[in-house]
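Participant: File coords-v5.cif below, mmCIF, C-alpha atoms:
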```
data_model
#
loop_
_atom_site.label_atom_id
_atom_site.label_comp_id
_atom_site.auth_asym_id
_atom_site.auth_seq_id
_atom_site.Cartn_x
_atom_site.Cartn_y
_atom_site.Cartn_z
CA MET A 1488 -34.36 7.15 37.99
CA MET A 1489 -33.08 4.32 35.82
CA GLN A 1490 -33.81 0.76 36.88
CA ILE A 1491 -31.94 -2.48 36.20
CA LEU A 1492 -34.35 -5.17 34.97
CA SER A 1493 -33.48 -8.86 35.00
CA LEU A 1494 -34.96 -11.65 32.91
CA GLY A 1495 -36.08 -14.80 34.73
CA ILE A 1496 -39.33 -16.16 36.21
CA HIS A 1497 -39.74 -18.30 39.31
CA TYR A 1498 -41.60 -21.56 38.71
CA SER A 1499 -43.54 -21.65 41.99
CA THR A 1500 -44.72 -18.03 42.00
CA GLY A 1501 -44.79 -17.11 38.32
CA GLU A 1502 -43.18 -13.79 39.25
CA LEU A 1503 -39.85 -12.18 38.42
CA LEU A 1504 -36.83 -13.85 39.99
CA VAL A 1505 -35.33 -10.48 40.77
CA PRO A 1506 -37.40 -7.34 41.33
CA PRO A 1507 -36.28 -4.17 39.53
CA ILE A 1508 -33.20 -2.59 41.12
CA ASP A 1509 -32.57 1.13 40.93
CA GLU A 1510 -29.26 2.11 39.40
CA GLN A 1511 -27.89 3.67 42.58
CA SER A 1512 -28.49 0.53 44.67
CA PHE A 1513 -27.07 -1.65 41.92
CA GLY A 1514 -23.99 0.55 41.60
CA ALA A 1515 -23.48 0.62 45.37
CA THR A 1516 -23.63 -3.20 45.49
CA ILE A 1517 -21.04 -3.54 42.74
CA LEU A 1518 -18.72 -0.95 44.28
CA GLY A 1519 -19.04 -2.52 47.70
CA SER A 1520 -18.11 -5.90 46.25
CA LEU A 1521 -15.04 -4.78 44.30
CA ALA A 1522 -12.74 -4.73 47.32
CA GLN A 1523 -13.75 -8.15 48.65
CA ASN A 1524 -13.41 -9.66 45.16
CA ALA A 1525 -10.34 -7.75 44.02
CA ASP A 1526 -8.11 -10.82 43.74
CA THR A 1527 -10.64 -12.78 41.71
CA LEU A 1528 -11.23 -9.83 39.39
CA ALA A 1529 -7.50 -9.28 38.90
CA ASN A 1530 -6.88 -12.94 38.07
CA LEU A 1531 -9.75 -13.09 35.60
CA THR A 1532 -8.66 -9.84 33.97
CA ARG A 1533 -5.12 -11.15 33.61
CA ALA A 1534 -6.27 -14.41 32.00
CA THR A 1535 -8.86 -12.88 29.66
CA THR A 1536 -6.43 -10.18 28.51
CA LEU A 1537 -4.06 -12.94 27.43
CA GLY A 1538 -6.90 -14.61 25.55
CA GLN A 1539 -7.92 -11.43 23.77
CA THR A 1540 -4.31 -10.82 22.74
CA PHE A 1541 -4.13 -14.29 21.24
CA ARG A 1542 -7.36 -13.77 19.30
CA GLY A 1543 -6.07 -10.48 17.98
CA GLU A 1544 -2.99 -12.19 16.61
CA VAL A 1545 -5.07 -14.94 15.01
CA LYS A 1546 -7.13 -12.35 13.12
CA ARG A 1547 -3.98 -11.12 11.40
CA ARG A 1548 -3.62 -14.44 9.62
CA VAL A 1549 -5.56 -15.09 6.42
CA ILE A 1550 -7.53 -18.18 7.44
CA ASP A 1551 -11.10 -19.39 7.33
CA THR A 1552 -12.10 -19.25 11.00
CA GLY A 1553 -15.40 -20.90 10.10
CA ASP A 1554 -13.65 -24.13 9.16
CA PRO A 1555 -12.54 -26.20 12.18
CA ARG A 1556 -10.26 -28.25 9.93
CA SER A 1557 -8.31 -25.12 8.99
CA VAL A 1558 -7.91 -23.57 12.41
CA GLY A 1559 -7.86 -26.65 14.60
CA TRP A 1560 -10.36 -28.47 16.78
CA THR A 1561 -9.86 -30.35 20.03
CA ILE A 1562 -11.54 -31.66 23.16
CA LEU A 1563 -11.18 -30.51 26.76
CA VAL A 1564 -12.06 -32.78 29.68
CA ASN A 1565 -11.49 -32.90 33.39
CA GLN A 1566 -8.52 -35.19 33.94
CA ASN A 1567 -10.27 -36.72 36.96
CA ASP A 1568 -13.70 -37.19 35.39
CA PRO A 1569 -14.63 -40.88 35.95
CA HIS A 1570 -16.36 -40.91 32.54
CA LYS A 1571 -13.40 -39.35 30.72
CA ASP A 1572 -12.21 -42.42 28.82
CA ASP A 1573 -15.72 -43.46 27.78
CA MET A 1574 -16.56 -39.97 26.54
CA LEU A 1575 -13.35 -39.72 24.55
CA ARG A 1576 -14.06 -43.10 22.98
CA VAL A 1577 -17.54 -42.00 21.90
CA LEU A 1578 -16.22 -38.65 20.63
CA ALA A 1579 -13.43 -40.27 18.60
CA PRO A 1580 -15.46 -40.39 15.31
CA LEU A 1581 -16.26 -36.69 15.67
CA ALA A 1582 -12.61 -35.89 16.38
CA LYS A 1583 -11.66 -37.70 13.18
CA HIS A 1584 -14.39 -35.89 11.25
CA ARG A 1585 -13.10 -32.56 12.56
CA ALA A 1586 -9.53 -33.54 11.57
CA MET A 1587 -8.22 -33.32 15.13
CA LYS A 1588 -4.45 -33.56 14.72
CA SER A 1589 -3.64 -36.14 17.37
CA PRO A 1590 -4.62 -37.38 20.84
CA ASP A 1591 -1.71 -35.31 22.12
CA SER A 1592 -3.68 -32.14 21.39
CA LEU A 1593 -6.28 -32.98 24.04
CA LEU A 1594 -6.70 -30.33 26.72
CA PHE A 1595 -7.14 -31.19 30.38
CA TYR A 1596 -8.66 -29.17 33.19
CA ASN A 1597 -7.45 -30.35 36.57
CA GLY A 1598 -9.59 -28.22 38.84
CA GLU A 1599 -7.12 -25.34 38.81
CA PRO A 1600 -8.29 -22.36 40.92
CA ILE A 1601 -8.86 -18.98 39.29
CA ASP A 1602 -5.46 -17.65 40.31
CA GLU A 1603 -3.82 -20.34 38.14
CA TRP A 1604 -5.90 -19.79 34.98
CA PHE A 1605 -3.39 -17.35 33.49
CA ASP A 1606 -0.70 -20.01 33.82
CA TRP A 1607 -3.06 -22.59 32.32
CA LEU A 1608 -3.62 -20.39 29.27
CA SER A 1609 0.08 -19.60 28.96
CA GLU A 1610 1.00 -23.26 28.93
CA ASN A 1611 -1.76 -24.27 26.49
CA TYR A 1612 -1.83 -21.17 24.28
CA SER A 1613 1.75 -19.98 24.28
CA SER A 1614 2.25 -16.94 22.08
CA LEU A 1615 5.43 -18.56 20.77
CA ASN A 1616 3.46 -21.30 18.99
CA MET A 1617 0.14 -19.79 18.03
CA GLY A 1618 -0.19 -21.64 14.76
CA GLN A 1619 -0.56 -24.97 16.57
CA LYS A 1620 -3.30 -23.90 18.95
CA PRO A 1621 -6.86 -25.07 18.11
CA GLN A 1622 -9.47 -22.37 17.69
CA TYR A 1623 -12.36 -24.73 18.45
CA ILE A 1624 -12.60 -26.45 21.83
CA LEU A 1625 -15.34 -28.92 22.71
CA ILE A 1626 -15.76 -29.27 26.48
CA ALA A 1627 -16.96 -32.74 27.47
CA GLY A 1628 -18.68 -32.92 30.84
CA GLY A 1629 -21.03 -30.90 33.01
CA PRO A 1630 -20.28 -27.83 35.13
CA ASP A 1631 -19.40 -30.10 38.05
CA GLN A 1632 -16.36 -31.19 36.00
CA VAL A 1633 -15.52 -27.99 34.08
CA PRO A 1634 -17.07 -24.83 35.61
CA PHE A 1635 -19.06 -22.42 33.48
CA LEU A 1636 -16.76 -19.60 34.56
CA PHE A 1637 -13.76 -21.48 33.18
CA GLN A 1638 -15.61 -21.94 29.90
CA SER A 1639 -16.39 -18.23 29.76
CA MET A 1640 -12.73 -17.40 30.34
CA LEU A 1641 -11.69 -19.93 27.71
CA GLY A 1642 -14.10 -18.26 25.30
CA THR A 1643 -11.79 -15.24 25.16
CA VAL A 1644 -9.12 -17.31 23.43
CA ALA A 1645 -11.13 -19.86 21.43
CA SER A 1646 -14.60 -20.79 20.22
CA THR A 1647 -15.98 -23.11 22.86
CA GLY A 1648 -18.92 -25.50 23.07
CA ARG A 1649 -20.01 -28.13 25.55
CA VAL A 1650 -21.63 -31.58 25.54
CA ALA A 1651 -23.06 -32.94 28.79
CA PHE A 1652 -25.55 -35.78 28.38
CA ASP A 1653 -27.19 -38.06 30.93
CA SER A 1654 -25.88 -41.17 29.19
CA LEU A 1655 -23.15 -42.26 26.81
CA GLN A 1656 -25.84 -43.45 24.41
CA ASP A 1657 -27.21 -39.90 24.19
CA LEU A 1658 -23.72 -38.62 23.45
CA GLU A 1659 -23.24 -41.30 20.79
CA ASN A 1660 -26.56 -40.35 19.19
CA TYR A 1661 -25.42 -36.73 19.09
CA VAL A 1662 -22.13 -37.61 17.40
CA GLU A 1663 -23.81 -39.83 14.81
CA LYS A 1664 -26.45 -37.20 14.01
CA LEU A 1665 -23.89 -34.40 13.68
CA ILE A 1666 -21.71 -36.36 11.28
CA ARG A 1667 -24.74 -37.48 9.27
CA LEU A 1668 -25.97 -33.92 8.82
CA GLU A 1669 -22.56 -32.54 7.90
CA THR A 1670 -21.88 -35.25 5.32
CA ALA A 1671 -25.35 -35.17 3.74
CA PRO A 1672 -25.44 -34.28 0.01
CA ALA A 1673 -27.73 -31.29 0.68
CA PRO A 1674 -28.26 -29.00 3.68
CA ALA A 1675 -31.02 -29.98 6.08
CA VAL A 1676 -32.06 -26.32 6.45
CA GLU A 1677 -33.47 -23.59 4.23
CA ARG A 1678 -32.44 -19.95 3.99
CA GLU A 1679 -34.93 -18.94 6.64
CA THR A 1680 -34.93 -17.88 10.28
CA VAL A 1681 -37.30 -17.78 13.23
CA PHE A 1682 -37.27 -14.90 15.73
CA PHE A 1683 -39.46 -15.47 18.77
CA ALA A 1684 -39.97 -12.85 21.51
CA PRO A 1685 -42.90 -12.48 23.92
CA ASP A 1686 -43.70 -9.07 25.38
CA TYR A 1687 -45.12 -8.90 28.90
CA ARG A 1688 -45.35 -5.11 28.61
CA LEU A 1689 -43.64 -2.46 30.72
CA PRO A 1690 -42.20 -2.53 33.32
CA ASP A 1691 -41.33 -6.13 32.41
CA PRO A 1692 -37.90 -6.50 30.70
CA THR A 1693 -39.34 -8.60 27.85
CA TYR A 1694 -40.69 -5.34 26.41
CA TYR A 1695 -37.09 -4.30 25.73
CA SER A 1696 -35.83 -7.71 24.60
CA CYS A 1697 -38.72 -7.88 22.14
CA HIS A 1698 -38.66 -4.36 20.69
CA TYR A 1699 -34.96 -3.51 20.99
CA LEU A 1700 -33.31 -6.90 20.44
CA ALA A 1701 -35.36 -9.51 18.60
CA LYS A 1702 -37.24 -7.25 16.18
CA PRO A 1703 -34.22 -5.22 15.00
CA LEU A 1704 -32.18 -8.43 14.55
CA ALA A 1705 -34.97 -10.04 12.54
CA GLU A 1706 -35.24 -7.01 10.27
CA GLN A 1707 -31.49 -6.86 9.74
CA VAL A 1708 -31.28 -10.55 8.85
CA ALA A 1709 -34.15 -10.20 6.40
CA ASP A 1710 -32.76 -7.02 4.79
CA ASP A 1711 -29.03 -7.78 4.73
CA LEU A 1712 -29.04 -11.54 4.14
CA GLY A 1713 -32.30 -11.93 2.27
CA PHE A 1714 -33.43 -14.83 4.47
CA LYS A 1715 -37.11 -15.63 4.80
CA THR A 1716 -37.85 -14.54 8.35
CA HIS A 1717 -40.63 -15.75 10.64
CA GLN A 1718 -41.06 -12.97 13.20
CA ILE A 1719 -43.22 -14.16 16.10
CA THR A 1720 -43.42 -11.43 18.72
CA GLY A 1721 -45.66 -9.92 21.36
CA SER A 1722 -49.11 -11.44 21.77
CA GLU A 1723 -48.42 -13.90 18.93
CA ALA A 1724 -45.43 -15.43 20.73
CA THR A 1725 -47.39 -18.28 22.29
CA LYS A 1726 -46.15 -21.79 22.96
CA ALA A 1727 -48.59 -23.21 20.38
CA ARG A 1728 -47.33 -20.81 17.71
CA LEU A 1729 -43.70 -21.61 18.50
CA GLN A 1730 -44.31 -25.36 18.34
CA GLU A 1731 -46.22 -25.09 15.07
CA THR A 1732 -43.57 -22.94 13.42
CA LEU A 1733 -40.65 -25.11 14.51
CA ARG A 1734 -42.46 -28.22 13.37
CA MET A 1735 -43.29 -26.86 9.90
CA ALA A 1736 -40.20 -24.75 9.08
CA ARG A 1737 -36.62 -25.75 8.32
CA PRO A 1738 -34.79 -22.65 9.60
CA ALA A 1739 -31.03 -22.20 9.63
CA LEU A 1740 -31.37 -20.05 12.77
CA VAL A 1741 -33.86 -19.90 15.63
CA PHE A 1742 -33.48 -16.93 17.98
CA THR A 1743 -35.61 -16.63 21.11
CA ALA A 1744 -35.57 -13.72 23.58
CA SER A 1745 -37.68 -14.34 26.65
CA HIS A 1746 -37.73 -15.03 30.34
CA GLY A 1747 -36.05 -18.28 31.37
CA LEU A 1748 -37.61 -20.39 34.10
CA SER A 1749 -36.04 -21.13 37.48
CA ALA A 1750 -37.33 -24.06 39.54
CA ASP A 1751 -34.82 -23.62 42.34
CA ASP A 1752 -37.21 -24.87 45.02
CA GLN A 1753 -37.93 -28.16 43.25
CA PRO A 1754 -36.08 -31.51 43.50
CA PHE A 1755 -32.98 -31.73 41.34
CA GLU A 1756 -34.58 -34.05 38.75
CA ILE A 1757 -37.43 -31.57 38.29
CA GLN A 1758 -34.96 -28.72 37.98
CA LYS A 1759 -33.20 -30.56 35.16
CA GLN A 1760 -36.51 -30.68 33.28
CA LEU A 1761 -37.62 -27.10 33.94
CA ASN A 1762 -34.65 -24.80 34.46
CA GLY A 1763 -34.13 -22.64 31.40
CA ALA A 1764 -37.56 -23.40 29.92
CA ILE A 1765 -38.68 -20.70 27.47
CA CYS A 1766 -41.43 -18.57 29.02
CA CYS A 1767 -43.77 -17.86 26.12
CA GLN A 1768 -46.53 -15.23 25.98
CA ARG A 1769 -49.07 -15.85 28.71
CA PRO A 1770 -52.56 -14.48 29.40
CA PRO A 1771 -52.65 -11.43 31.70
CA GLY A 1772 -52.90 -12.38 35.36
CA ILE A 1773 -51.92 -16.01 34.78
CA LEU A 1774 -48.95 -16.86 36.98
CA LYS A 1775 -48.94 -20.67 37.27
CA ASP A 1776 -49.94 -22.41 34.06
CA GLU A 1777 -47.38 -24.65 32.37
CA ASN A 1778 -49.13 -24.26 29.02
CA TRP A 1779 -46.97 -21.20 28.39
CA LEU A 1780 -43.70 -23.00 29.10
CA PHE A 1781 -41.67 -24.56 26.28
CA ARG A 1782 -39.76 -27.26 28.16
CA ALA A 1783 -37.29 -29.98 27.29
CA GLU A 1784 -40.10 -32.53 27.16
CA ASP A 1785 -41.82 -30.47 24.45
CA VAL A 1786 -39.04 -31.33 22.01
CA PRO A 1787 -40.28 -34.34 19.99
CA LEU A 1788 -38.07 -37.42 20.10
CA ASP A 1789 -39.85 -39.50 17.45
CA GLU A 1790 -39.39 -37.14 14.49
CA PRO A 1791 -36.76 -34.74 13.09
CA PHE A 1792 -36.74 -31.44 14.96
CA LEU A 1793 -34.65 -28.45 13.85
CA GLU A 1794 -32.08 -30.72 12.25
CA GLY A 1795 -29.05 -28.69 11.24
CA ALA A 1796 -30.34 -25.47 12.79
CA ALA A 1797 -28.54 -23.15 15.18
CA PHE A 1798 -30.74 -22.43 18.22
CA PHE A 1799 -29.80 -19.25 20.13
CA GLN A 1800 -31.69 -18.84 23.40
CA PHE A 1801 -31.43 -15.42 25.08
CA ALA A 1802 -32.85 -16.07 28.55
CA CYS A 1803 -31.92 -16.74 32.14
CA PHE A 1804 -30.44 -20.22 32.58
CA GLY A 1805 -30.26 -20.75 28.82
CA TYR A 1806 -26.50 -21.22 29.20
CA GLY A 1807 -26.86 -23.68 32.06
CA THR A 1808 -27.55 -23.76 35.76
CA PRO A 1809 -24.74 -24.29 38.28
CA ALA A 1810 -25.51 -25.23 41.87
CA GLU A 1811 -24.49 -21.70 42.85
CA SER A 1812 -23.81 -18.80 40.55
CA ASP A 1813 -20.25 -17.65 40.02
CA PHE A 1814 -21.57 -14.17 40.83
CA ALA A 1815 -23.08 -15.13 44.18
CA HIS A 1816 -20.14 -13.84 46.20
CA TRP A 1817 -20.56 -10.38 44.68
CA SER A 1818 -23.67 -9.62 46.68
CA ASN A 1819 -24.40 -9.22 50.35
CA ARG A 1820 -28.15 -9.58 50.01
CA ILE A 1821 -30.11 -12.53 51.39
CA CYS A 1822 -31.24 -15.09 48.82
CA ARG A 1823 -35.03 -14.90 48.35
CA ALA A 1824 -35.17 -18.56 47.34
CA CYS A 1825 -33.55 -20.24 50.32
CA GLY A 1826 -32.22 -17.61 52.72
CA CYS A 1827 -28.65 -18.78 52.17
CA GLY A 1828 -27.09 -15.37 52.72
CA PRO A 1829 -24.63 -13.91 50.22
CA ALA A 1830 -25.76 -16.21 47.40
CA ALA A 1831 -28.32 -13.42 46.88
CA TRP A 1832 -30.15 -13.27 43.59
CA PHE A 1833 -28.40 -16.14 41.84
CA CYS A 1834 -28.72 -19.28 43.94
CA ARG A 1835 -30.13 -22.67 43.05
CA PRO A 1836 -30.20 -25.01 46.06
CA ARG A 1837 -29.36 -28.65 45.36
#
```
Could you show the structure in this file as structure tokens?
Facilitator:
Amino acid sequence: MMQILSLGIHYSTGELLVPPIDEQSFGATILGSLAQNADTLANLTRATTLGQTFRGEVKRRVIDTGDPRSVGWTILVNQNDPHKDDMLRVLAPLAKHRAMKSPDSLLFYNGEPIDEWFDWLSENYSSLNMGQKPQYILIAGGPDQVPFLFQSMLGTVASTGRVAFDSLQDLENYVEKLIRLETAPAPAVERETVFFAPDYRLPDPTYYSCHYLAKPLAEQVADDLGFKTHQITGSEATKARLQETLRMARPALVFTASHGLSADDQPFEIQKQLNGAICCQRPPGILKDENWLFRAEDVPLDEPFLEGAAFFQFACFGYGTPAESDFAHWSNRICRACGCGPAAWFCRPR
């Protein structure tokens, strides 16, 4: 019988966040949840269908979608975010660098519920005026201001990104660094890539992410693009090897496929440091040893680190960690982390 395997390791136990689920149980859970979530599903389908239609029309036009200046770039913020004005002030140099047309092209999220997202898209991406709609949207603010689910929906109509820093100074540093790199006389990166994928062996899901995701992608990049490729997989995918490679190389792309860490039973400040940490290769039988975790504090702050590189992290919580998953209401199981009921497999207590 086929099993559904989920990436993710619990900080306190060192074990899988979610045990393997057989396909019949998984299917029964999904089917049982469809009725109770029918309205949500219908509203999301309606909104994302509109977004996909818009993207299809954009592809008919002969434009360089890789150039924000050609296809438009703007910022989206929560209208009621108390830091809105300060963030927009700090982002102003980047908006100018990206040739943002005018302050009038700003987008605002006002906490609209899911059943109003179709109307939000219709008003901001009207099919009658597609040429004026920006294809790049920078979301300013954390998931408490603009939910991850809204960003995912918005990703069907535009290319979205997000900045959410602890301080305005961090945001200002980001803006200055980005403009400096993009206006430099020569690229900060070389034609090389790093593919990093530990393998905890079957029945662990990293066996599949290593052999059927990271390795084939690395080979394709090397063969089709001719990039020098550092392939660090299996037993070689240790934290020390990752740190050494990232410190010595100047890759254009870093791709990691691994477990992501969940510290859902820790204080919030600890969670901010640990959630999403890359779980590197670890010795057999070792469950609690932070030497195999690549965490935020392992990124050096006193020297250049991956300047100009694109870092793609395939792992649980790599996208971010909301207080409660948008998928929590789809399950009727009891949360193993805190016993909170239908939050099931995807809860992070505050």
Participant: Mind telling me what the PyMOL selection byres ((chain A and resi 1578) around 12) catches here, as an MDAnalysis selection string?
Facilitator: chainID A and resid 1561:1564 1571:1577 1579:1585 1587 1590 1593 1625:1628 1650 1655:1663 1665:1666
Participant: Would you work out the distance separating atom CA of Arg1728 of chain A from atom CA of Asp1752 of chain A, expressed in Å to one decimal?
Facilitator: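 These atoms are spaced 29.4 Å apart.
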Participant: Find the residues near segment 1635-1642 of chain A: any atom within 9 Å, counting all atoms listed in the file, skip ones fewer than 3 places away on the same chain, and give them as an mmCIF file with C-alpha atoms, in the frame of the given file.
Facilitator:
```
data_model
loop_
_atom_site.group_PDB
_atom_site.id
_atom_site.type_symbol
_atom_site.label_atom_id
_atom_site.label_comp_id
_atom_site.auth_asym_id
_atom_site.auth_seq_id
_atom_site.Cartn_x
_atom_site.Cartn_y
_atom_site.Cartn_z
ATOM 1 C CA LEU A 1531 -9.750 -13.090 35.600
ATOM 2 C CA ALA A 1534 -6.270 -14.410 32.000
ATOM 3 C CA THR A 1535 -8.860 -12.880 29.660
ATOM 4 C CA GLY A 1538 -6.900 -14.610 25.550
ATOM 5 C CA ILE A 1601 -8.860 -18.980 39.290
ATOM 6 C CA TRP A 1604 -5.900 -19.790 34.980
ATOM 7 C CA LEU A 1608 -3.620 -20.390 29.270
ATOM 8 C CA ILE A 1624 -12.600 -26.450 21.830
ATOM 9 C CA ILE A 1626 -15.760 -29.270 26.480
ATOM 10 C CA GLY A 1629 -21.030 -30.900 33.010
ATOM 11 C CA PRO A 1630 -20.280 -27.830 35.130
ATOM 12 C CA ASP A 1631 -19.400 -30.100 38.050
ATOM 13 C CA ALA A 1645 -11.130 -19.860 21.430
ATOM 14 C CA SER A 1646 -14.600 -20.790 20.220
ATOM 15 C CA THR A 1647 -15.980 -23.110 22.860
ATOM 16 C CA GLY A 1648 -18.920 -25.500 23.070
ATOM 17 C CA ARG A 1649 -20.010 -28.130 25.550
ATOM 18 C CA TYR A 1806 -26.500 -21.220 29.200
ATOM 19 C CA GLY A 1807 -26.860 -23.680 32.060
ATOM 20 C CA THR A 1808 -27.550 -23.760 35.760
ATOM 21 C CA PRO A 1809 -24.740 -24.290 38.280
ATOM 22 C CA ASP A 1813 -20.250 -17.650 40.020
#
```
Participant: Got a sec to resolve the PyMOL selection byres ((chain A and resi 1687) around 12) on this structure and send the residues as a PyMOL selection string?
Facilitator: chain A and resi 1494+1496+1502-1503+1684-1686+1688-1698+1720-1725+1744-1746+1766-1774
Participant: How would the residues just picked look written out with C-alpha atoms as a short mmCIF file (atom, residue, chain, number, x, y, z; two decimals), keeping the file's coordinate frame?
Facilitator:
```cif
data_model
loop_
_atom_site.label_atom_id
_atom_site.label_comp_id
_atom_site.auth_asym_id
_atom_site.auth_seq_id
_atom_site.Cartn_x
_atom_site.Cartn_y
_atom_site.Cartn_z
CA LEU A 1494 -34.96 -11.65 32.91
CA ILE A 1496 -39.33 -16.16 36.21
CA GLU A 1502 -43.18 -13.79 39.25
CA LEU A 1503 -39.85 -12.18 38.42
CA ALA A 1684 -39.97 -12.85 21.51
CA PRO A 1685 -42.90 -12.48 23.92
CA ASP A 1686 -43.70 -9.07 25.38
CA ARG A 1688 -45.35 -5.11 28.61
CA LEU A 1689 -43.64 -2.46 30.72
CA PRO A 1690 -42.20 -2.53 33.32
CA ASP A 1691 -41.33 -6.13 32.41
CA PRO A 1692 -37.90 -6.50 30.70
CA THR A 1693 -39.34 -8.60 27.85
CA TYR A 1694 -40.69 -5.34 26.41
CA TYR A 1695 -37.09 -4.30 25.73
CA SER A 1696 -35.83 -7.71 24.60
CA CYS A 1697 -38.72 -7.88 22.14
CA HIS A 1698 -38.66 -4.36 20.69
CA THR A 1720 -43.42 -11.43 18.72
CA GLY A 1721 -45.66 -9.92 21.36
CA SER A 1722 -49.11 -11.44 21.77
CA GLU A 1723 -48.42 -13.90 18.93
CA ALA A 1724 -45.43 -15.43 20.73
CA THR A 1725 -47.39 -18.28 22.29
CA ALA A 1744 -35.57 -13.72 23.58
CA SER A 1745 -37.68 -14.34 26.65
CA HIS A 1746 -37.73 -15.03 30.34
CA CYS A 1766 -41.43 -18.57 29.02
CA CYS A 1767 -43.77 -17.86 26.12
CA GLN A 1768 -46.53 -15.23 25.98
CA ARG A 1769 -49.07 -15.85 28.71
CA PRO A 1770 -52.56 -14.48 29.40
CA PRO A 1771 -52.65 -11.43 31.70
CA GLY A 1772 -52.90 -12.38 35.36
CA ILE A 1773 -51.92 -16.01 34.78
CA LEU A 1774 -48.95 -16.86 36.98
#
```
Participant: Which one is closest to Val1741 of chain A: A:Arg1533, A:His1717, A:Arg1667, A:Arg1782? Count all atoms listed in the file.
Facilitator: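 Nearest candidate to Val1741 of chain A out of A:Arg1533, A:His1717, A:Arg1667, A:Arg1782: A:His1717.
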Participant: Using Å and a single decimal, report how far atom CA of Leu1594 of chain A sits from atom CA of Pro1569 of chain A.
Facilitator: 16.1 Å
Participant: Considering only C-alpha atoms, can you say which of A:Asp1711, A:Gly1495, A:Thr1716, A:Ser1557 comes closest to Phe1801 of chain A?
Facilitator: A:Gly1495
Participant: One decimal, Å: what's the distance from atom CA of Ile1765 of chain A over to atom CA of Gly1747 of chain A, could you say?
Facilitator: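 Those two atoms sit 5.3 Å apart.
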Participant: Can you tell me, as a list in words, what residues are no more than 8 Å from Gln1622 of chain A when counting only C-alpha atoms, ignoring any on the same chain fewer than 3 positions away?
Facilitator: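 Once the adjacent positions are removed, what remains is Thr1552, Pro1555, Val1558, Gly1559, Trp1560, Val1644, Ala1645 and Ser1646 of chain A.
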Participant: Just want the 9 Å neighbourhood of Glu1677 of chain A, counted on all atoms listed in the file, with same-chain residues fewer than 5 positions away dropped. Output as a list in words.
Facilitator: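 Skipping anything fewer than 5 positions along the chain leaves Phe1714, Lys1715, Ala1736, Arg1737, Pro1738 and Ala1739 of chain A.
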